[in-house]
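Containing compact mmCIF, N, CA and C atoms: my_file-v5.txt.
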```
# COMPACT_ATOMS: atom_id res chain seq x y z
N MET U 101 -47.71 -233.08 -12.11
CA MET U 101 -46.45 -232.80 -11.44
C MET U 101 -45.43 -233.83 -11.94
N THR U 102 -44.27 -233.34 -12.21
CA THR U 102 -43.22 -234.23 -12.68
C THR U 102 -42.09 -234.28 -11.66
N ASP U 103 -41.31 -235.33 -11.76
CA ASP U 103 -40.13 -235.42 -10.89
C ASP U 103 -39.18 -234.27 -11.16
N ALA U 104 -39.09 -233.86 -12.42
CA ALA U 104 -38.20 -232.75 -12.78
C ALA U 104 -38.62 -231.46 -12.08
N ALA U 105 -39.93 -231.22 -11.99
CA ALA U 105 -40.42 -230.02 -11.31
C ALA U 105 -40.05 -230.05 -9.83
N LEU U 106 -40.20 -231.20 -9.20
CA LEU U 106 -39.84 -231.31 -7.78
C LEU U 106 -38.33 -231.26 -7.58
N ASP U 107 -37.58 -231.79 -8.53
CA ASP U 107 -36.11 -231.67 -8.45
C ASP U 107 -35.69 -230.20 -8.50
N GLU U 108 -36.38 -229.42 -9.33
CA GLU U 108 -36.08 -228.00 -9.43
C GLU U 108 -36.43 -227.28 -8.12
N VAL U 109 -37.56 -227.65 -7.53
CA VAL U 109 -37.93 -227.09 -6.22
C VAL U 109 -36.86 -227.44 -5.19
N GLU U 110 -36.40 -228.67 -5.21
CA GLU U 110 -35.38 -229.11 -4.25
C GLU U 110 -34.07 -228.33 -4.41
N ARG U 111 -33.66 -228.10 -5.64
CA ARG U 111 -32.44 -227.31 -5.87
C ARG U 111 -32.59 -225.89 -5.34
N GLU U 112 -33.73 -225.28 -5.61
CA GLU U 112 -33.96 -223.91 -5.14
C GLU U 112 -34.06 -223.88 -3.62
N LEU U 113 -34.68 -224.88 -3.04
CA LEU U 113 -34.76 -224.98 -1.58
C LEU U 113 -33.36 -225.02 -0.98
N ASP U 114 -32.50 -225.84 -1.55
CA ASP U 114 -31.12 -225.93 -1.05
C ASP U 114 -30.40 -224.58 -1.14
N ARG U 115 -30.61 -223.88 -2.25
CA ARG U 115 -29.98 -222.56 -2.41
C ARG U 115 -30.44 -221.58 -1.33
N VAL U 116 -31.75 -221.54 -1.11
CA VAL U 116 -32.31 -220.61 -0.13
C VAL U 116 -31.82 -220.94 1.27
N VAL U 117 -31.85 -222.22 1.63
CA VAL U 117 -31.41 -222.63 2.96
C VAL U 117 -29.93 -222.30 3.16
N ASP U 118 -29.11 -222.57 2.16
CA ASP U 118 -27.69 -222.24 2.25
C ASP U 118 -27.48 -220.74 2.47
N ARG U 119 -28.23 -219.93 1.72
CA ARG U 119 -28.10 -218.46 1.88
C ARG U 119 -28.53 -218.03 3.27
N LEU U 120 -29.67 -218.53 3.73
CA LEU U 120 -30.16 -218.13 5.06
C LEU U 120 -29.20 -218.55 6.16
N ASN U 121 -28.63 -219.73 6.03
CA ASN U 121 -27.74 -220.24 7.07
C ASN U 121 -26.36 -219.61 7.05
N SER U 122 -25.98 -219.01 5.94
CA SER U 122 -24.63 -218.47 5.84
C SER U 122 -24.56 -216.94 5.99
N MET U 123 -25.69 -216.28 5.99
CA MET U 123 -25.63 -214.82 6.08
C MET U 123 -25.54 -214.36 7.53
N PRO U 124 -24.95 -213.20 7.74
CA PRO U 124 -24.87 -212.65 9.10
C PRO U 124 -26.28 -212.48 9.69
N LEU U 125 -26.40 -212.65 10.98
CA LEU U 125 -27.71 -212.60 11.63
C LEU U 125 -28.41 -211.27 11.41
N VAL U 126 -27.68 -210.19 11.36
CA VAL U 126 -28.29 -208.87 11.13
C VAL U 126 -29.00 -208.85 9.77
N LYS U 127 -28.36 -209.41 8.76
CA LYS U 127 -28.97 -209.47 7.43
C LYS U 127 -30.15 -210.45 7.40
N ALA U 128 -29.98 -211.59 8.05
CA ALA U 128 -31.06 -212.57 8.10
C ALA U 128 -32.29 -211.99 8.79
N GLU U 129 -32.05 -211.21 9.82
CA GLU U 129 -33.18 -210.61 10.55
C GLU U 129 -34.00 -209.70 9.63
N SER U 130 -33.36 -209.02 8.72
CA SER U 130 -34.08 -208.14 7.80
C SER U 130 -34.91 -208.93 6.79
N ALA U 131 -34.67 -210.23 6.68
CA ALA U 131 -35.40 -211.08 5.73
C ALA U 131 -36.49 -211.90 6.40
N THR U 132 -36.78 -211.63 7.66
CA THR U 132 -37.74 -212.44 8.41
C THR U 132 -39.12 -212.46 7.74
N ASP U 133 -39.67 -211.31 7.41
CA ASP U 133 -41.02 -211.27 6.84
C ASP U 133 -41.10 -212.00 5.49
N ASP U 134 -40.09 -211.80 4.65
CA ASP U 134 -40.06 -212.49 3.36
C ASP U 134 -39.95 -214.00 3.54
N THR U 135 -39.17 -214.41 4.53
CA THR U 135 -39.00 -215.83 4.81
C THR U 135 -40.30 -216.44 5.32
N ILE U 136 -41.01 -215.72 6.17
CA ILE U 136 -42.29 -216.21 6.69
C ILE U 136 -43.30 -216.37 5.55
N ARG U 137 -43.30 -215.45 4.60
CA ARG U 137 -44.22 -215.57 3.46
C ARG U 137 -43.93 -216.85 2.65
N ALA U 138 -42.67 -217.12 2.38
CA ALA U 138 -42.32 -218.33 1.65
C ALA U 138 -42.64 -219.58 2.47
N ALA U 139 -42.39 -219.51 3.77
CA ALA U 139 -42.69 -220.65 4.64
C ALA U 139 -44.19 -220.94 4.65
N GLN U 140 -45.00 -219.90 4.59
CA GLN U 140 -46.45 -220.09 4.58
C GLN U 140 -46.90 -220.83 3.32
N VAL U 141 -46.29 -220.51 2.18
CA VAL U 141 -46.61 -221.22 0.93
C VAL U 141 -46.27 -222.70 1.08
N LEU U 142 -45.09 -222.99 1.63
CA LEU U 142 -44.68 -224.39 1.84
C LEU U 142 -45.65 -225.11 2.77
N LEU U 143 -46.02 -224.46 3.87
CA LEU U 143 -46.95 -225.07 4.82
C LEU U 143 -48.31 -225.31 4.19
N ASP U 144 -48.84 -224.31 3.49
CA ASP U 144 -50.16 -224.44 2.87
C ASP U 144 -50.20 -225.57 1.85
N ARG U 145 -49.18 -225.66 1.00
CA ARG U 145 -49.14 -226.72 -0.01
C ARG U 145 -49.01 -228.10 0.63
N THR U 146 -48.20 -228.20 1.67
CA THR U 146 -48.02 -229.49 2.34
C THR U 146 -49.33 -229.92 2.99
N ARG U 147 -50.03 -228.99 3.60
CA ARG U 147 -51.30 -229.32 4.24
C ARG U 147 -52.33 -229.76 3.22
N LEU U 148 -52.36 -229.12 2.05
CA LEU U 148 -53.28 -229.55 0.99
C LEU U 148 -52.96 -230.98 0.55
N LEU U 149 -51.69 -231.27 0.41
CA LEU U 149 -51.28 -232.63 0.00
C LEU U 149 -51.66 -233.66 1.06
N ALA U 150 -51.62 -233.26 2.30
CA ALA U 150 -51.96 -234.17 3.40
C ALA U 150 -53.47 -234.25 3.63
N GLY U 151 -54.24 -233.48 2.87
CA GLY U 151 -55.68 -233.49 3.02
C GLY U 151 -56.15 -232.69 4.22
N ASP U 152 -55.34 -231.77 4.69
CA ASP U 152 -55.68 -230.95 5.85
C ASP U 152 -55.68 -229.49 5.42
N ALA U 153 -56.82 -229.05 4.86
CA ALA U 153 -56.90 -227.68 4.35
C ALA U 153 -57.38 -226.70 5.42
N SER U 154 -57.56 -227.16 6.64
CA SER U 154 -58.00 -226.25 7.70
C SER U 154 -56.89 -225.24 7.98
N SER U 155 -57.26 -224.17 8.62
CA SER U 155 -56.27 -223.11 8.84
C SER U 155 -55.92 -222.99 10.32
N GLY U 156 -55.66 -224.11 10.98
CA GLY U 156 -55.37 -224.08 12.41
C GLY U 156 -53.91 -223.86 12.76
N ALA U 157 -52.99 -224.23 11.90
CA ALA U 157 -51.57 -224.14 12.24
C ALA U 157 -51.02 -222.76 11.91
N ALA U 158 -50.22 -222.26 12.81
CA ALA U 158 -49.57 -220.97 12.58
C ALA U 158 -48.06 -221.19 12.60
N LEU U 159 -47.38 -220.46 11.79
CA LEU U 159 -45.92 -220.55 11.77
C LEU U 159 -45.35 -219.82 12.97
N PRO U 160 -44.32 -220.36 13.56
CA PRO U 160 -43.69 -219.66 14.69
C PRO U 160 -42.89 -218.47 14.19
N ARG U 161 -42.78 -217.46 15.02
CA ARG U 161 -41.91 -216.32 14.71
C ARG U 161 -40.56 -216.64 15.32
N LEU U 162 -39.64 -217.06 14.48
CA LEU U 162 -38.31 -217.45 14.94
C LEU U 162 -37.34 -216.28 14.80
N GLY U 163 -36.30 -216.34 15.57
CA GLY U 163 -35.22 -215.39 15.40
C GLY U 163 -34.47 -215.69 14.12
N PRO U 164 -33.59 -214.80 13.72
CA PRO U 164 -32.89 -214.98 12.44
C PRO U 164 -32.07 -216.26 12.36
N GLN U 165 -31.61 -216.77 13.50
CA GLN U 165 -30.82 -217.99 13.48
C GLN U 165 -31.65 -219.24 13.15
N GLY U 166 -32.98 -219.14 13.22
CA GLY U 166 -33.83 -220.29 12.95
C GLY U 166 -34.51 -220.28 11.59
N LEU U 167 -34.33 -219.23 10.82
CA LEU U 167 -35.05 -219.11 9.55
C LEU U 167 -34.64 -220.18 8.54
N GLY U 168 -33.36 -220.45 8.42
CA GLY U 168 -32.90 -221.47 7.48
C GLY U 168 -33.43 -222.84 7.85
N ALA U 169 -33.41 -223.16 9.13
CA ALA U 169 -33.91 -224.46 9.58
C ALA U 169 -35.41 -224.59 9.34
N MET U 170 -36.15 -223.51 9.57
CA MET U 170 -37.60 -223.56 9.35
C MET U 170 -37.91 -223.83 7.87
N ILE U 171 -37.24 -223.12 6.97
CA ILE U 171 -37.47 -223.33 5.54
C ILE U 171 -37.03 -224.74 5.14
N ALA U 172 -35.92 -225.21 5.70
CA ALA U 172 -35.43 -226.56 5.37
C ALA U 172 -36.44 -227.62 5.78
N VAL U 173 -36.98 -227.52 6.98
CA VAL U 173 -37.93 -228.52 7.47
C VAL U 173 -39.23 -228.47 6.67
N LEU U 174 -39.77 -227.27 6.49
CA LEU U 174 -41.01 -227.15 5.73
C LEU U 174 -40.82 -227.60 4.28
N GLY U 175 -39.68 -227.27 3.71
CA GLY U 175 -39.40 -227.68 2.34
C GLY U 175 -39.28 -229.18 2.19
N ARG U 176 -38.60 -229.82 3.12
CA ARG U 176 -38.47 -231.29 3.07
C ARG U 176 -39.84 -231.96 3.27
N ASP U 177 -40.64 -231.41 4.19
CA ASP U 177 -41.99 -231.96 4.39
C ASP U 177 -42.81 -231.84 3.11
N TYR U 178 -42.72 -230.68 2.46
CA TYR U 178 -43.44 -230.49 1.20
C TYR U 178 -42.98 -231.49 0.15
N LEU U 179 -41.67 -231.61 -0.03
CA LEU U 179 -41.15 -232.53 -1.06
C LEU U 179 -41.55 -233.97 -0.78
N ASP U 180 -41.48 -234.39 0.48
CA ASP U 180 -41.89 -235.76 0.83
C ASP U 180 -43.36 -235.98 0.51
N ALA U 181 -44.21 -235.02 0.88
CA ALA U 181 -45.64 -235.15 0.62
C ALA U 181 -45.94 -235.13 -0.87
N ALA U 182 -45.26 -234.25 -1.60
CA ALA U 182 -45.50 -234.14 -3.05
C ALA U 182 -45.06 -235.41 -3.78
N ARG U 183 -43.94 -235.97 -3.37
CA ARG U 183 -43.46 -237.18 -4.04
C ARG U 183 -44.31 -238.40 -3.68
N ALA U 184 -44.96 -238.35 -2.54
CA ALA U 184 -45.79 -239.48 -2.12
C ALA U 184 -47.20 -239.41 -2.71
N SER U 185 -47.58 -238.27 -3.26
CA SER U 185 -48.94 -238.12 -3.77
C SER U 185 -48.96 -238.22 -5.28
N SER U 186 -50.13 -238.51 -5.78
CA SER U 186 -50.35 -238.43 -7.22
C SER U 186 -51.64 -237.66 -7.40
N PRO U 187 -51.66 -236.64 -8.24
CA PRO U 187 -52.85 -235.82 -8.38
C PRO U 187 -54.02 -236.60 -8.94
N PRO U 188 -55.21 -236.39 -8.39
CA PRO U 188 -56.39 -237.10 -8.89
C PRO U 188 -56.85 -236.53 -10.22
N ALA U 189 -57.39 -237.39 -11.06
CA ALA U 189 -57.92 -236.94 -12.34
C ALA U 189 -59.30 -236.34 -12.12
N GLU U 190 -59.57 -235.24 -12.79
CA GLU U 190 -60.88 -234.60 -12.71
C GLU U 190 -61.65 -234.94 -13.97
N PRO U 191 -62.93 -234.64 -13.99
CA PRO U 191 -63.72 -234.89 -15.21
C PRO U 191 -63.08 -234.23 -16.42
N ALA U 192 -63.31 -234.80 -17.56
CA ALA U 192 -62.81 -234.32 -18.85
C ALA U 192 -61.30 -234.41 -18.94
N GLY U 193 -60.67 -235.27 -18.12
CA GLY U 193 -59.25 -235.51 -18.22
C GLY U 193 -58.37 -234.42 -17.66
N VAL U 194 -58.94 -233.43 -16.99
CA VAL U 194 -58.15 -232.36 -16.41
C VAL U 194 -57.52 -232.88 -15.12
N VAL U 195 -56.25 -232.60 -14.94
CA VAL U 195 -55.56 -233.06 -13.73
C VAL U 195 -55.32 -231.88 -12.80
N SER U 196 -55.76 -232.03 -11.58
CA SER U 196 -55.53 -231.01 -10.57
C SER U 196 -54.30 -231.40 -9.77
N ASP U 197 -53.44 -230.46 -9.51
CA ASP U 197 -52.20 -230.77 -8.80
C ASP U 197 -52.14 -229.99 -7.50
N PRO U 198 -52.52 -230.60 -6.39
CA PRO U 198 -52.47 -229.89 -5.11
C PRO U 198 -51.03 -229.55 -4.69
N ALA U 199 -50.05 -230.25 -5.25
CA ALA U 199 -48.66 -229.94 -4.91
C ALA U 199 -48.24 -228.61 -5.49
N ASP U 200 -48.75 -228.27 -6.66
CA ASP U 200 -48.47 -227.02 -7.34
C ASP U 200 -47.01 -226.60 -7.21
N PRO U 201 -46.09 -227.40 -7.77
CA PRO U 201 -44.67 -227.08 -7.62
C PRO U 201 -44.29 -225.72 -8.21
N ASP U 202 -45.07 -225.22 -9.17
CA ASP U 202 -44.75 -223.91 -9.74
C ASP U 202 -44.90 -222.80 -8.71
N SER U 203 -45.97 -222.85 -7.92
CA SER U 203 -46.15 -221.79 -6.91
C SER U 203 -45.10 -221.89 -5.81
N VAL U 204 -44.72 -223.11 -5.47
CA VAL U 204 -43.68 -223.30 -4.45
C VAL U 204 -42.34 -222.79 -4.98
N LEU U 205 -42.02 -223.16 -6.21
CA LEU U 205 -40.77 -222.69 -6.82
C LEU U 205 -40.76 -221.16 -6.91
N ASP U 206 -41.88 -220.58 -7.32
CA ASP U 206 -41.96 -219.11 -7.40
C ASP U 206 -41.71 -218.47 -6.03
N ALA U 207 -42.28 -219.03 -4.98
CA ALA U 207 -42.09 -218.48 -3.63
C ALA U 207 -40.64 -218.56 -3.20
N LEU U 208 -39.98 -219.68 -3.51
CA LEU U 208 -38.57 -219.84 -3.13
C LEU U 208 -37.65 -218.94 -3.94
N VAL U 209 -37.91 -218.82 -5.23
CA VAL U 209 -37.10 -217.94 -6.08
C VAL U 209 -37.27 -216.49 -5.62
N ARG U 210 -38.51 -216.10 -5.35
CA ARG U 210 -38.77 -214.74 -4.89
C ARG U 210 -38.03 -214.47 -3.59
N LEU U 211 -38.07 -215.42 -2.67
CA LEU U 211 -37.35 -215.25 -1.41
C LEU U 211 -35.86 -215.10 -1.64
N ARG U 212 -35.29 -215.98 -2.45
CA ARG U 212 -33.84 -215.91 -2.71
C ARG U 212 -33.45 -214.56 -3.30
N ARG U 213 -34.26 -214.05 -4.20
CA ARG U 213 -33.94 -212.77 -4.83
C ARG U 213 -34.10 -211.59 -3.87
N LEU U 214 -34.93 -211.75 -2.85
CA LEU U 214 -35.13 -210.69 -1.88
C LEU U 214 -34.12 -210.73 -0.73
N LEU U 215 -33.39 -211.83 -0.62
CA LEU U 215 -32.43 -211.93 0.49
C LEU U 215 -31.31 -210.91 0.29
N PRO U 216 -30.89 -210.30 1.41
CA PRO U 216 -29.81 -209.30 1.29
C PRO U 216 -28.47 -209.95 0.96
```

Kindly transcribe the structure held in the file into structure tokens.
Amino acid sequence: MTDAALDEVERELDRVVDRLNSMPLVKAESATDDTIRAAQVLLDRTRLLAGDASSGAALPRLGPQGLGAMIAVLGRDYLDAARASSPPAEPAGVVSDPADPDSVLDALVRLRRLLP
């Protein structure tokens, strides 16, 4: 994982949060399921980074006015955890990256493109 990859995730996170917070509630409501899917990716990656791979936490079902805040909080938690971690080296020099910024970036880009 590189700082550049996390910077790209941060830029996309800001774009998505801005879109969610600025769209009319009727439009935001239609994006609830897509937003929950992206939020789940953020939560899962953050939990892996924290060493908590159990599946006990569930995302709340928020109204459309809370979707931007939920993505913002989960995104900041992910970025903080990713920047604080360093991936462990595996045998044969292979590096495993629990932060997986590519999957997080993909989830955020997909969400942004699906927003009305």

For segment 145-152 of chain U, please output as a PDB file with N, CA and C atoms, in the coordinates of the input all residues within 6.5 Å (counting only N, CA and C atoms; exclusion window: fewer than 2 positions along the same chain).
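out_36.pdb written:
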```pdb
ATOM      1  N   GLN U 140     -45.000-219.900   4.590  1.00  0.00           N
ATOM      2  CA  GLN U 140     -46.450-220.090   4.580  1.00  0.00           C
ATOM      3  C   GLN U 140     -46.900-220.830   3.320  1.00  0.00           C
ATOM      4  N   VAL U 141     -46.290-220.510   2.180  1.00  0.00           N
ATOM      5  CA  VAL U 141     -46.610-221.220   0.930  1.00  0.00           C
ATOM      6  C   VAL U 141     -46.270-222.700   1.080  1.00  0.00           C
ATOM      7  N   LEU U 142     -45.090-222.990   1.630  1.00  0.00           N
ATOM      8  CA  LEU U 142     -44.680-224.390   1.840  1.00  0.00           C
ATOM      9  C   LEU U 142     -45.650-225.110   2.770  1.00  0.00           C
ATOM     10  N   LEU U 143     -46.020-224.460   3.870  1.00  0.00           N
ATOM     11  CA  LEU U 143     -46.950-225.070   4.820  1.00  0.00           C
ATOM     12  C   LEU U 143     -48.310-225.310   4.190  1.00  0.00           C
ATOM     13  N   SER U 154     -57.560-227.160   6.640  1.00  0.00           N
ATOM     14  CA  SER U 154     -58.000-226.250   7.700  1.00  0.00           C
ATOM     15  C   SER U 154     -56.890-225.240   7.980  1.00  0.00           C
ATOM     16  N   SER U 155     -57.260-224.170   8.620  1.00  0.00           N
ATOM     17  CA  SER U 155     -56.270-223.110   8.840  1.00  0.00           C
ATOM     18  C   SER U 155     -55.920-222.990  10.320  1.00  0.00           C
ATOM     19  N   ASP U 177     -40.640-231.410   4.190  1.00  0.00           N
ATOM     20  CA  ASP U 177     -41.990-231.960   4.390  1.00  0.00           C
ATOM     21  C   ASP U 177     -42.810-231.840   3.110  1.00  0.00           C
ATOM     22  N   TYR U 178     -42.720-230.680   2.460  1.00  0.00           N
ATOM     23  CA  TYR U 178     -43.440-230.490   1.200  1.00  0.00           C
ATOM     24  C   TYR U 178     -42.980-231.490   0.150  1.00  0.00           C
ATOM     25  N   ALA U 181     -44.210-235.020   0.880  1.00  0.00           N
ATOM     26  CA  ALA U 181     -45.640-235.150   0.620  1.00  0.00           C
ATOM     27  C   ALA U 181     -45.940-235.130  -0.870  1.00  0.00           C
ATOM     28  N   ALA U 182     -45.260-234.250  -1.600  1.00  0.00           N
ATOM     29  CA  ALA U 182     -45.500-234.140  -3.050  1.00  0.00           C
ATOM     30  C   ALA U 182     -45.060-235.410  -3.780  1.00  0.00           C
ATOM     31  N   PRO U 198     -52.520-230.600  -6.390  1.00  0.00           N
ATOM     32  CA  PRO U 198     -52.470-229.890  -5.110  1.00  0.00           C
ATOM     33  C   PRO U 198     -51.030-229.550  -4.690  1.00  0.00           C
ATOM     34  N   ALA U 199     -50.050-230.250  -5.250  1.00  0.00           N
ATOM     35  CA  ALA U 199     -48.660-229.940  -4.910  1.00  0.00           C
ATOM     36  C   ALA U 199     -48.240-228.610  -5.490  1.00  0.00           C
TER      37      ALA U 199
END
```

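For the pair atom CA of Leu125 of chain U and atom CA of Pro216 of chain U, the interatomic distance is 11.1 Å.
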
At a cut-off of 6 Å, can you tabulate as JSON lines every residue of segment 123-205 of chain U near segment 102-118 of chain U together with its closest atom pair and the distance in Å to one decimal, using all atoms listed in the file and ordering rows by chain then number?
```
{"residue": "U:Met123", "atom": "N", "partner": "U:Asp118", "partner_atom": "C", "distance": 6.0}
{"residue": "U:Gly168", "atom": "CA", "partner": "U:Val117", "partner_atom": "CA", "distance": 4.9}
{"residue": "U:Ala172", "atom": "N", "partner": "U:Val117", "partner_atom": "CA", "distance": 5.9}
{"residue": "U:Pro201", "atom": "CA", "partner": "U:Ala105", "partner_atom": "C", "distance": 5.9}
{"residue": "U:Leu205", "atom": "CA", "partner": "U:Val109", "partner_atom": "CA", "distance": 5.3}
```

Would you put the residues from that selection into a file with N, CA and C atoms, as a short mmCIF file (atom, residue, chain, number, x, y, z; two decimals), keeping the file's coordinate frame?
```
data_model
loop_
_atom_site.label_atom_id
_atom_site.label_comp_id
_atom_site.auth_asym_id
_atom_site.auth_seq_id
_atom_site.Cartn_x
_atom_site.Cartn_y
_atom_site.Cartn_z
N MET U 123 -25.69 -216.28 5.99
CA MET U 123 -25.63 -214.82 6.08
C MET U 123 -25.54 -214.36 7.53
N GLY U 168 -33.36 -220.45 8.42
CA GLY U 168 -32.90 -221.47 7.48
C GLY U 168 -33.43 -222.84 7.85
N ALA U 172 -35.92 -225.21 5.70
CA ALA U 172 -35.43 -226.56 5.37
C ALA U 172 -36.44 -227.62 5.78
N PRO U 201 -46.09 -227.40 -7.77
CA PRO U 201 -44.67 -227.08 -7.62
C PRO U 201 -44.29 -225.72 -8.21
N LEU U 205 -42.02 -223.16 -6.21
CA LEU U 205 -40.77 -222.69 -6.82
C LEU U 205 -40.76 -221.16 -6.91
#
```

- Task: Write out as a PyMOL selection string all residues of segment 101-188 of chain U that DSSP puts in helix (DSSP H, G or I) for this structure's backbone.
- Result: chain U and resi 103-122+125-130+132-149+164-184

- Query: Residues at most 8 Å from Thr132 of chain U, counting all atoms listed in the file, excluding those fewer than 3 positions away in the same chain, as a list in words?
  - Reply: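 Using all atoms listed in the file, the neighbours found are Lys127, Ala128, Glu129, Thr135, Ile136, Arg137, Ala138, Leu162, Gly163, Pro164 and Leu167 of chain U.
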
Can I get the selection written as a PDB file, in the coordinates of the input, with N, CA and C atoms?
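After the write, again.pdb holds the following:
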```pdb
ATOM      1  N   LYS U 127     -28.360-209.410   8.760  1.00  0.00           N
ATOM      2  CA  LYS U 127     -28.970-209.470   7.430  1.00  0.00           C
ATOM      3  C   LYS U 127     -30.150-210.450   7.400  1.00  0.00           C
ATOM      4  N   ALA U 128     -29.980-211.590   8.050  1.00  0.00           N
ATOM      5  CA  ALA U 128     -31.060-212.570   8.100  1.00  0.00           C
ATOM      6  C   ALA U 128     -32.290-211.990   8.790  1.00  0.00           C
ATOM      7  N   GLU U 129     -32.050-211.210   9.820  1.00  0.00           N
ATOM      8  CA  GLU U 129     -33.180-210.610  10.550  1.00  0.00           C
ATOM      9  C   GLU U 129     -34.000-209.700   9.630  1.00  0.00           C
ATOM     10  N   THR U 135     -39.170-214.410   4.530  1.00  0.00           N
ATOM     11  CA  THR U 135     -39.000-215.830   4.810  1.00  0.00           C
ATOM     12  C   THR U 135     -40.300-216.440   5.320  1.00  0.00           C
ATOM     13  N   ILE U 136     -41.010-215.720   6.170  1.00  0.00           N
ATOM     14  CA  ILE U 136     -42.290-216.210   6.690  1.00  0.00           C
ATOM     15  C   ILE U 136     -43.300-216.370   5.550  1.00  0.00           C
ATOM     16  N   ARG U 137     -43.300-215.450   4.600  1.00  0.00           N
ATOM     17  CA  ARG U 137     -44.220-215.570   3.460  1.00  0.00           C
ATOM     18  C   ARG U 137     -43.930-216.850   2.650  1.00  0.00           C
ATOM     19  N   ALA U 138     -42.670-217.120   2.380  1.00  0.00           N
ATOM     20  CA  ALA U 138     -42.320-218.330   1.650  1.00  0.00           C
ATOM     21  C   ALA U 138     -42.640-219.580   2.470  1.00  0.00           C
ATOM     22  N   LEU U 162     -39.640-217.060  14.480  1.00  0.00           N
ATOM     23  CA  LEU U 162     -38.310-217.450  14.940  1.00  0.00           C
ATOM     24  C   LEU U 162     -37.340-216.280  14.800  1.00  0.00           C
ATOM     25  N   GLY U 163     -36.300-216.340  15.570  1.00  0.00           N
ATOM     26  CA  GLY U 163     -35.220-215.390  15.400  1.00  0.00           C
ATOM     27  C   GLY U 163     -34.470-215.690  14.120  1.00  0.00           C
ATOM     28  N   PRO U 164     -33.590-214.800  13.720  1.00  0.00           N
ATOM     29  CA  PRO U 164     -32.890-214.980  12.440  1.00  0.00           C
ATOM     30  C   PRO U 164     -32.070-216.260  12.360  1.00  0.00           C
ATOM     31  N   LEU U 167     -34.330-219.230  10.820  1.00  0.00           N
ATOM     32  CA  LEU U 167     -35.050-219.110   9.550  1.00  0.00           C
ATOM     33  C   LEU U 167     -34.640-220.180   8.540  1.00  0.00           C
TER      34      LEU U 167
END
```

- Message: Report, in Å with one decimal, the straight-line distance from atom N of Ala131 of chain U to atom CA of Leu215 of chain U.
- Response: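 Separation of atom N of Ala131 of chain U and atom CA of Leu215 of chain U: 6.8 Å.
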
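The two atoms in question, atom CA of Asp197 of chain U and atom CA of Leu120 of chain U, are spaced 28.9 Å apart.
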